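One structure below.
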Amino acid sequence: MVIPKQWRGGSLRFVSVPGIVLLVSAPGFAATYLTVEQAQQVIFPGQNFTAVALILSEENQKALETQYGLPVHSVKQKIWRTEQGGFFIIDKVIGKHELITYAVGINPDGSIRQVEVMDYREAYGDAIRQKRWRRQFIGKTAASSLELDADIKNISGATLSCRHVTEGVKRIMSLYELVLKK
């Protein structure tokens with residue numbers, strides 16, 4: 001079969017069934033909005049960052065899972081400390097089918113400074129990138145409930161993205177309380 005040049009490398013794929021050729025379009029909605037460095041400067045403008053090497057111990061993993069009721073997705077965390085004592089943490093959660101990469105800035109007092117969506121790969125639901133939705137996290141702490149439909153409002157059509165990012169932020173704040181605060 002000859003594939004037209006304009007279709008090579010795109011999101012169009014051929015599916016062959018004996019005697020039939022179907023042209024199937026795969027979603028191509030992945031977008032990178034911020035690099036690590038850009039997200040750091042958006043959340044903590046003008047500050048310098050020092051990487052924090054943190055690999056969660058079994059004890060900390062169990063504490064997060066039992067005490068806070070949160071699953072641990074990765075024992076190795078991407079964390080930076082700011083020169084003024086804040087933290088910048090990158091995490092990934094599943095949206096509906098694809099990963100969402102986001103960053104959370106934590107102030108020196110343990111409150112959320114800002115949440116930024118860095119990569120969004122789903123075909124829809126990217127309304128979580130709206131500043132209005134992300135602003136709901138500002139000022140929350142590990143003691144906040146951080147529950148969707150309680151203190152964090154849902155966005156119709158982006159329910160799973162909202163739910164999973166909210167749970168991820170709660171996990172990050174629990175990690176802060178359990179490990180980083182000390």
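Ordering of the structure tokens sets the chain letters (A, B, ...); residue numbers start at 1 within each chain; ligands are numbered from 1 in the order shown.
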
Would you mind writing down, as a PDB file with N, CA and C atoms, in the first residue's frame, each residue of chain A that DSSP on the backbone assigns to strand (DSSP E)?
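Full text of result16.pdb as output:
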ATOM      1  N   LEU A  12      -3.011  10.399  11.286  1.00  0.00           N
ATOM      2  CA  LEU A  12      -3.857   9.460  10.558  1.00  0.00           C
ATOM      3  C   LEU A  12      -3.171   8.105  10.480  1.00  0.00           C
ATOM      4  N   ARG A  13      -3.927   7.050  10.672  1.00  0.00           N
ATOM      5  CA  ARG A  13      -3.373   5.700  10.636  1.00  0.00           C
ATOM      6  C   ARG A  13      -4.248   4.828   9.757  1.00  0.00           C
ATOM      7  N   PHE A  14      -3.617   3.866   9.092  1.00  0.00           N
ATOM      8  CA  PHE A  14      -4.356   2.908   8.287  1.00  0.00           C
ATOM      9  C   PHE A  14      -4.572   1.646   9.090  1.00  0.00           C
ATOM     10  N   VAL A  15      -5.767   1.111   9.032  1.00  0.00           N
ATOM     11  CA  VAL A  15      -6.090  -0.155   9.661  1.00  0.00           C
ATOM     12  C   VAL A  15      -6.529  -1.072   8.527  1.00  0.00           C
ATOM     13  N   SER A  16      -5.882  -2.219   8.403  1.00  0.00           N
ATOM     14  CA  SER A  16      -6.184  -3.114   7.297  1.00  0.00           C
ATOM     15  C   SER A  16      -6.916  -4.351   7.783  1.00  0.00           C
ATOM     16  N   VAL A  17      -8.063  -4.594   7.199  1.00  0.00           N
ATOM     17  CA  VAL A  17      -8.856  -5.788   7.439  1.00  0.00           C
ATOM     18  C   VAL A  17      -8.950  -6.443   6.061  1.00  0.00           C
ATOM     19  N   ILE A  20     -10.589  -4.747   3.125  1.00  0.00           N
ATOM     20  CA  ILE A  20     -11.064  -3.418   3.517  1.00  0.00           C
ATOM     21  C   ILE A  20      -9.885  -2.622   4.061  1.00  0.00           C
ATOM     22  N   VAL A  21      -9.826  -1.375   3.719  1.00  0.00           N
ATOM     23  CA  VAL A  21      -8.827  -0.476   4.297  1.00  0.00           C
ATOM     24  C   VAL A  21      -9.589   0.670   4.944  1.00  0.00           C
ATOM     25  N   LEU A  22      -9.350   0.867   6.227  1.00  0.00           N
ATOM     26  CA  LEU A  22     -10.001   1.948   6.966  1.00  0.00           C
ATOM     27  C   LEU A  22      -8.967   3.007   7.309  1.00  0.00           C
ATOM     28  N   LEU A  23      -9.348   4.229   7.233  1.00  0.00           N
ATOM     29  CA  LEU A  23      -8.503   5.330   7.658  1.00  0.00           C
ATOM     30  C   LEU A  23      -9.041   5.795   8.998  1.00  0.00           C
ATOM     31  N   VAL A  24      -8.213   5.660  10.065  1.00  0.00           N
ATOM     32  CA  VAL A  24      -8.639   5.999  11.422  1.00  0.00           C
ATOM     33  C   VAL A  24      -7.831   7.199  11.890  1.00  0.00           C
ATOM     34  N   SER A  25      -8.496   8.158  12.461  1.00  0.00           N
ATOM     35  CA  SER A  25      -7.814   9.331  12.984  1.00  0.00           C
ATOM     36  C   SER A  25      -7.583   9.147  14.477  1.00  0.00           C
ATOM     37  N   ALA A  31      -0.286  18.671  24.236  1.00  0.00           N
ATOM     38  CA  ALA A  31       0.297  20.002  24.204  1.00  0.00           C
ATOM     39  C   ALA A  31       1.167  20.212  25.433  1.00  0.00           C
ATOM     40  N   THR A  32       2.342  20.777  25.196  1.00  0.00           N
ATOM     41  CA  THR A  32       3.215  21.191  26.286  1.00  0.00           C
ATOM     42  C   THR A  32       3.048  22.695  26.408  1.00  0.00           C
ATOM     43  N   PHE A  49      16.513  27.917  42.269  1.00  0.00           N
ATOM     44  CA  PHE A  49      16.006  26.628  42.726  1.00  0.00           C
ATOM     45  C   PHE A  49      17.149  25.645  42.946  1.00  0.00           C
ATOM     46  N   THR A  50      16.987  24.834  43.971  1.00  0.00           N
ATOM     47  CA  THR A  50      17.921  23.755  44.261  1.00  0.00           C
ATOM     48  C   THR A  50      17.139  22.451  44.266  1.00  0.00           C
ATOM     49  N   ALA A  51      17.600  21.506  43.474  1.00  0.00           N
ATOM     50  CA  ALA A  51      16.915  20.209  43.410  1.00  0.00           C
ATOM     51  C   ALA A  51      17.003  19.506  44.757  1.00  0.00           C
ATOM     52  N   VAL A  52      15.928  18.861  45.149  1.00  0.00           N
ATOM     53  CA  VAL A  52      15.864  18.085  46.387  1.00  0.00           C
ATOM     54  C   VAL A  52      15.788  16.616  45.990  1.00  0.00           C
ATOM     55  N   ALA A  53      16.790  15.862  46.386  1.00  0.00           N
ATOM     56  CA  ALA A  53      16.792  14.429  46.075  1.00  0.00           C
ATOM     57  C   ALA A  53      15.946  13.715  47.127  1.00  0.00           C
ATOM     58  N   LEU A  54      14.794  13.240  46.711  1.00  0.00           N
ATOM     59  CA  LEU A  54      13.900  12.565  47.651  1.00  0.00           C
ATOM     60  C   LEU A  54      13.379  11.282  47.029  1.00  0.00           C
ATOM     61  N   ILE A  55      13.687  10.204  47.660  1.00  0.00           N
ATOM     62  CA  ILE A  55      13.111   8.915  47.295  1.00  0.00           C
ATOM     63  C   ILE A  55      12.354   8.458  48.529  1.00  0.00           C
ATOM     64  N   LYS A  76      10.201   8.146  43.577  1.00  0.00           N
ATOM     65  CA  LYS A  76      11.131   9.241  43.293  1.00  0.00           C
ATOM     66  C   LYS A  76      10.318  10.478  42.920  1.00  0.00           C
ATOM     67  N   GLN A  77      10.533  11.550  43.649  1.00  0.00           N
ATOM     68  CA  GLN A  77       9.757  12.772  43.470  1.00  0.00           C
ATOM     69  C   GLN A  77      10.600  13.849  42.786  1.00  0.00           C
ATOM     70  N   LYS A  78       9.968  14.694  41.970  1.00  0.00           N
ATOM     71  CA  LYS A  78      10.641  15.821  41.319  1.00  0.00           C
ATOM     72  C   LYS A  78      10.338  17.067  42.136  1.00  0.00           C
ATOM     73  N   ILE A  79      11.325  17.458  42.950  1.00  0.00           N
ATOM     74  CA  ILE A  79      11.132  18.549  43.909  1.00  0.00           C
ATOM     75  C   ILE A  79      12.312  19.509  43.838  1.00  0.00           C
ATOM     76  N   TRP A  80      12.016  20.797  43.940  1.00  0.00           N
ATOM     77  CA  TRP A  80      13.030  21.828  44.057  1.00  0.00           C
ATOM     78  C   TRP A  80      12.660  22.721  45.234  1.00  0.00           C
ATOM     79  N   ARG A  81      13.685  23.221  45.920  1.00  0.00           N
ATOM     80  CA  ARG A  81      13.470  24.186  47.012  1.00  0.00           C
ATOM     81  C   ARG A  81      13.877  25.555  46.494  1.00  0.00           C
ATOM     82  N   THR A  82      13.078  26.562  46.840  1.00  0.00           N
ATOM     83  CA  THR A  82      13.414  27.923  46.409  1.00  0.00           C
ATOM     84  C   THR A  82      14.373  28.541  47.422  1.00  0.00           C
ATOM     85  N   PHE A  87       8.667  25.412  47.990  1.00  0.00           N
ATOM     86  CA  PHE A  87       8.923  24.188  47.228  1.00  0.00           C
ATOM     87  C   PHE A  87       8.184  24.242  45.904  1.00  0.00           C
ATOM     88  N   PHE A  88       8.823  23.679  44.889  1.00  0.00           N
ATOM     89  CA  PHE A  88       8.251  23.526  43.560  1.00  0.00           C
ATOM     90  C   PHE A  88       8.258  22.029  43.270  1.00  0.00           C
ATOM     91  N   ILE A  89       7.073  21.457  43.037  1.00  0.00           N
ATOM     92  CA  ILE A  89       6.956  20.004  42.874  1.00  0.00           C
ATOM     93  C   ILE A  89       6.196  19.694  41.592  1.00  0.00           C
ATOM     94  N   ILE A  90       6.742  18.761  40.817  1.00  0.00           N
ATOM     95  CA  ILE A  90       6.084  18.314  39.590  1.00  0.00           C
ATOM     96  C   ILE A  90       5.489  16.936  39.840  1.00  0.00           C
ATOM     97  N   ASP A  91       4.284  16.749  39.345  1.00  0.00           N
ATOM     98  CA  ASP A  91       3.601  15.465  39.495  1.00  0.00           C
ATOM     99  C   ASP A  91       2.860  15.156  38.200  1.00  0.00           C
ATOM    100  N   LYS A  92       2.476  13.905  38.051  1.00  0.00           N
ATOM    101  CA  LYS A  92       1.681  13.461  36.906  1.00  0.00           C
ATOM    102  C   LYS A  92       0.504  12.654  37.428  1.00  0.00           C
ATOM    103  N   VAL A  93      -0.652  12.888  36.818  1.00  0.00           N
ATOM    104  CA  VAL A  93      -1.843  12.090  37.111  1.00  0.00           C
ATOM    105  C   VAL A  93      -2.475  11.702  35.789  1.00  0.00           C
ATOM    106  N   ILE A  94      -3.269  10.673  35.811  1.00  0.00           N
ATOM    107  CA  ILE A  94      -3.997  10.276  34.615  1.00  0.00           C
ATOM    108  C   ILE A  94      -5.231  11.158  34.504  1.00  0.00           C
ATOM    109  N   LEU A  99      -1.771  11.063  30.532  1.00  0.00           N
ATOM    110  CA  LEU A  99      -1.168  11.742  31.680  1.00  0.00           C
ATOM    111  C   LEU A  99      -1.290  13.263  31.574  1.00  0.00           C
ATOM    112  N   ILE A 100      -1.467  13.871  32.719  1.00  0.00           N
ATOM    113  CA  ILE A 100      -1.445  15.322  32.870  1.00  0.00           C
ATOM    114  C   ILE A 100      -0.237  15.623  33.757  1.00  0.00           C
ATOM    115  N   THR A 101       0.647  16.474  33.287  1.00  0.00           N
ATOM    116  CA  THR A 101       1.791  16.899  34.093  1.00  0.00           C
ATOM    117  C   THR A 101       1.481  18.288  34.625  1.00  0.00           C
ATOM    118  N   TYR A 102       1.645  18.463  35.925  1.00  0.00           N
ATOM    119  CA  TYR A 102       1.342  19.751  36.538  1.00  0.00           C
ATOM    120  C   TYR A 102       2.378  20.042  37.616  1.00  0.00           C
ATOM    121  N   ALA A 103       2.447  21.291  38.005  1.00  0.00           N
ATOM    122  CA  ALA A 103       3.393  21.719  39.034  1.00  0.00           C
ATOM    123  C   ALA A 103       2.627  22.424  40.140  1.00  0.00           C
ATOM    124  N   VAL A 104       3.115  22.238  41.354  1.00  0.00           N
ATOM    125  CA  VAL A 104       2.532  22.905  42.519  1.00  0.00           C
ATOM    126  C   VAL A 104       3.637  23.693  43.208  1.00  0.00           C
ATOM    127  N   GLY A 105       3.364  24.960  43.458  1.00  0.00           N
ATOM    128  CA  GLY A 105       4.274  25.786  44.241  1.00  0.00           C
ATOM    129  C   GLY A 105       3.735  25.890  45.658  1.00  0.00           C
ATOM    130  N   ILE A 106       4.612  25.623  46.628  1.00  0.00           N
ATOM    131  CA  ILE A 106       4.219  25.688  48.038  1.00  0.00           C
ATOM    132  C   ILE A 106       5.024  26.799  48.707  1.00  0.00           C
ATOM    133  N   ILE A 112      -0.476  26.609  49.491  1.00  0.00           N
ATOM    134  CA  ILE A 112      -0.270  26.511  48.052  1.00  0.00           C
ATOM    135  C   ILE A 112      -0.159  27.904  47.468  1.00  0.00           C
ATOM    136  N   ARG A 113       0.899  28.114  46.753  1.00  0.00           N
ATOM    137  CA  ARG A 113       1.129  29.389  46.085  1.00  0.00           C
ATOM    138  C   ARG A 113       0.432  29.411  44.727  1.00  0.00           C
ATOM    139  N   GLN A 114       0.560  28.287  43.990  1.00  0.00           N
ATOM    140  CA  GLN A 114       0.002  28.247  42.644  1.00  0.00           C
ATOM    141  C   GLN A 114       0.062  26.826  42.100  1.00  0.00           C
ATOM    142  N   VAL A 115      -0.840  26.517  41.180  1.00  0.00           N
ATOM    143  CA  VAL A 115      -0.842  25.246  40.448  1.00  0.00           C
ATOM    144  C   VAL A 115      -0.810  25.592  38.965  1.00  0.00           C
ATOM    145  N   GLU A 116       0.068  24.960  38.219  1.00  0.00           N
ATOM    146  CA  GLU A 116       0.185  25.179  36.773  1.00  0.00           C
ATOM    147  C   GLU A 116       0.129  23.848  36.036  1.00  0.00           C
ATOM    148  N   VAL A 117      -0.621  23.794  34.944  1.00  0.00           N
ATOM    149  CA  VAL A 117      -0.658  22.614  34.077  1.00  0.00           C
ATOM    150  C   VAL A 117       0.470  22.779  33.065  1.00  0.00           C
ATOM    151  N   MET A 118       1.371  21.807  33.035  1.00  0.00           N
ATOM    152  CA  MET A 118       2.530  21.882  32.142  1.00  0.00           C
ATOM    153  C   MET A 118       2.288  21.134  30.826  1.00  0.00           C
ATOM    154  N   ASP A 119       1.743  19.931  30.895  1.00  0.00           N
ATOM    155  CA  ASP A 119       1.442  19.108  29.717  1.00  0.00           C
ATOM    156  C   ASP A 119       0.028  18.572  29.844  1.00  0.00           C
ATOM    157  N   TYR A 120      -0.720  18.670  28.752  1.00  0.00           N
ATOM    158  CA  TYR A 120      -2.065  18.107  28.735  1.00  0.00           C
ATOM    159  C   TYR A 120      -2.219  17.308  27.457  1.00  0.00           C
TER     160      TYR A 120
END

ask   = For Pro108 (chain A), which residue among A:Gly139, A:Gly86, A:Gly46, A:Gly168 is the nearest when counting only C-alpha atoms?
value =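 Nearest to Pro108 (chain A): A:Gly86.
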
request  = Measure the distance from CA of Met173 (chain A) to CA of Glu122 (chain A) in Å and round it to one decimal.
outcome  =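 Interatomic distance here is 25.0 Å.
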
Among chain A, which residues carry a DSSP assignment of helix (DSSP H, G or I), reported as a PDB file with C-alpha atoms, in the first residue's frame?
ATOM      1  CA  LYS A   5       3.278  11.843   1.594  1.00  0.00           C
ATOM      2  CA  GLN A   6       1.019  14.388   3.317  1.00  0.00           C
ATOM      3  CA  TRP A   7      -0.338  11.618   5.593  1.00  0.00           C
ATOM      4  CA  VAL A  36      10.128  22.941  34.062  1.00  0.00           C
ATOM      5  CA  GLU A  37      12.105  26.190  34.004  1.00  0.00           C
ATOM      6  CA  GLN A  38       9.155  28.193  32.674  1.00  0.00           C
ATOM      7  CA  ALA A  39       6.792  26.772  35.303  1.00  0.00           C
ATOM      8  CA  GLN A  40       9.298  27.552  38.045  1.00  0.00           C
ATOM      9  CA  GLN A  41       9.497  31.190  36.937  1.00  0.00           C
ATOM     10  CA  VAL A  42       5.721  31.504  36.553  1.00  0.00           C
ATOM     11  CA  ILE A  43       5.146  30.244  40.100  1.00  0.00           C
ATOM     12  CA  GLU A  58       8.724   2.300  52.560  1.00  0.00           C
ATOM     13  CA  GLU A  59       7.666   3.873  55.850  1.00  0.00           C
ATOM     14  CA  ASN A  60       6.685   7.147  54.118  1.00  0.00           C
ATOM     15  CA  GLN A  61       4.901   5.279  51.333  1.00  0.00           C
ATOM     16  CA  LYS A  62       2.850   3.334  53.881  1.00  0.00           C
ATOM     17  CA  ALA A  63       2.087   6.526  55.827  1.00  0.00           C
ATOM     18  CA  LEU A  64       0.823   8.280  52.699  1.00  0.00           C
ATOM     19  CA  GLU A  65      -1.306   5.283  51.798  1.00  0.00           C
ATOM     20  CA  THR A  66      -2.719   4.545  55.273  1.00  0.00           C
ATOM     21  CA  ASP A 126      -8.242  21.037  29.193  1.00  0.00           C
ATOM     22  CA  ALA A 127     -10.456  23.618  30.900  1.00  0.00           C
ATOM     23  CA  ILE A 128      -8.439  22.758  34.027  1.00  0.00           C
ATOM     24  CA  ARG A 129      -5.814  25.073  32.558  1.00  0.00           C
ATOM     25  CA  LYS A 131      -6.711  30.337  35.804  1.00  0.00           C
ATOM     26  CA  ARG A 132     -10.140  30.567  37.427  1.00  0.00           C
ATOM     27  CA  TRP A 133     -10.179  26.827  38.182  1.00  0.00           C
ATOM     28  CA  ARG A 134      -6.533  26.618  39.312  1.00  0.00           C
ATOM     29  CA  ARG A 135      -6.946  29.663  41.559  1.00  0.00           C
ATOM     30  CA  GLN A 136      -9.167  27.580  43.879  1.00  0.00           C
ATOM     31  CA  PHE A 137      -6.036  25.865  45.244  1.00  0.00           C
ATOM     32  CA  THR A 159     -14.599  15.809  35.651  1.00  0.00           C
ATOM     33  CA  LEU A 160     -11.862  13.157  35.613  1.00  0.00           C
ATOM     34  CA  SER A 161      -9.111  15.710  34.972  1.00  0.00           C
ATOM     35  CA  CYS A 162     -10.460  17.880  37.819  1.00  0.00           C
ATOM     36  CA  ARG A 163     -10.785  14.907  40.164  1.00  0.00           C
ATOM     37  CA  HIS A 164      -7.327  13.472  39.466  1.00  0.00           C
ATOM     38  CA  VAL A 165      -5.451  16.793  39.600  1.00  0.00           C
ATOM     39  CA  THR A 166      -7.246  17.621  42.863  1.00  0.00           C
ATOM     40  CA  GLU A 167      -6.269  14.212  44.308  1.00  0.00           C
ATOM     41  CA  GLY A 168      -2.707  14.753  43.061  1.00  0.00           C
ATOM     42  CA  VAL A 169      -2.465  18.153  44.737  1.00  0.00           C
ATOM     43  CA  LYS A 170      -3.789  16.596  47.943  1.00  0.00           C
ATOM     44  CA  ARG A 171      -1.084  13.903  47.684  1.00  0.00           C
ATOM     45  CA  ILE A 172       1.598  16.575  47.182  1.00  0.00           C
ATOM     46  CA  MET A 173       0.376  18.529  50.199  1.00  0.00           C
ATOM     47  CA  SER A 174       0.375  15.336  52.279  1.00  0.00           C
ATOM     48  CA  LEU A 175       3.930  14.643  51.100  1.00  0.00           C
ATOM     49  CA  TYR A 176       4.871  18.160  52.159  1.00  0.00           C
ATOM     50  CA  GLU A 177       3.319  17.651  55.598  1.00  0.00           C
ATOM     51  CA  LEU A 178       4.864  14.208  56.082  1.00  0.00           C
ATOM     52  CA  VAL A 179       8.375  14.745  54.706  1.00  0.00           C
ATOM     53  CA  LEU A 180       9.247  18.225  53.429  1.00  0.00           C
TER      54      LEU A 180
END

inquiry  = Report, in Å to a single decimal, how far apart CA of Ala143 (chain A) and CA of Lys181 (chain A) are.
reply    =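 Here the two named atoms are 13.0 Å from each other.
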
request  = Counting only C-alpha atoms, figure out which residue out of A:His73, A:Arg121, A:Ile152, A:Tyr33 gets nearest to Leu56 (chain A).
outcome  = A:His73

request  = Report the distance between CA of Asp109 (chain A) and CA of Thr141 (chain A) in Å, rounded to one decimal place.
outcome  =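 Here the two named atoms are 9.0 Å from each other.
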
query = Restricting the calculation to only C-alpha atoms, which member of A:Gly125, A:Lys140, A:Ser74, A:Lys182 is positioned closest to Ile155 (chain A)?
reply =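 Looking at the shortest contact to Ile155 (chain A), the residue is A:Gly125.
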
ask   = Looking at only C-alpha atoms, which of A:Gln84, A:Ser156, A:Ser57, A:Asn48 is the one that sits closest to Val72 (chain A)?
value =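 Once distances to Val72 (chain A) are computed over only C-alpha atoms, the minimum belongs to A:Ser57.
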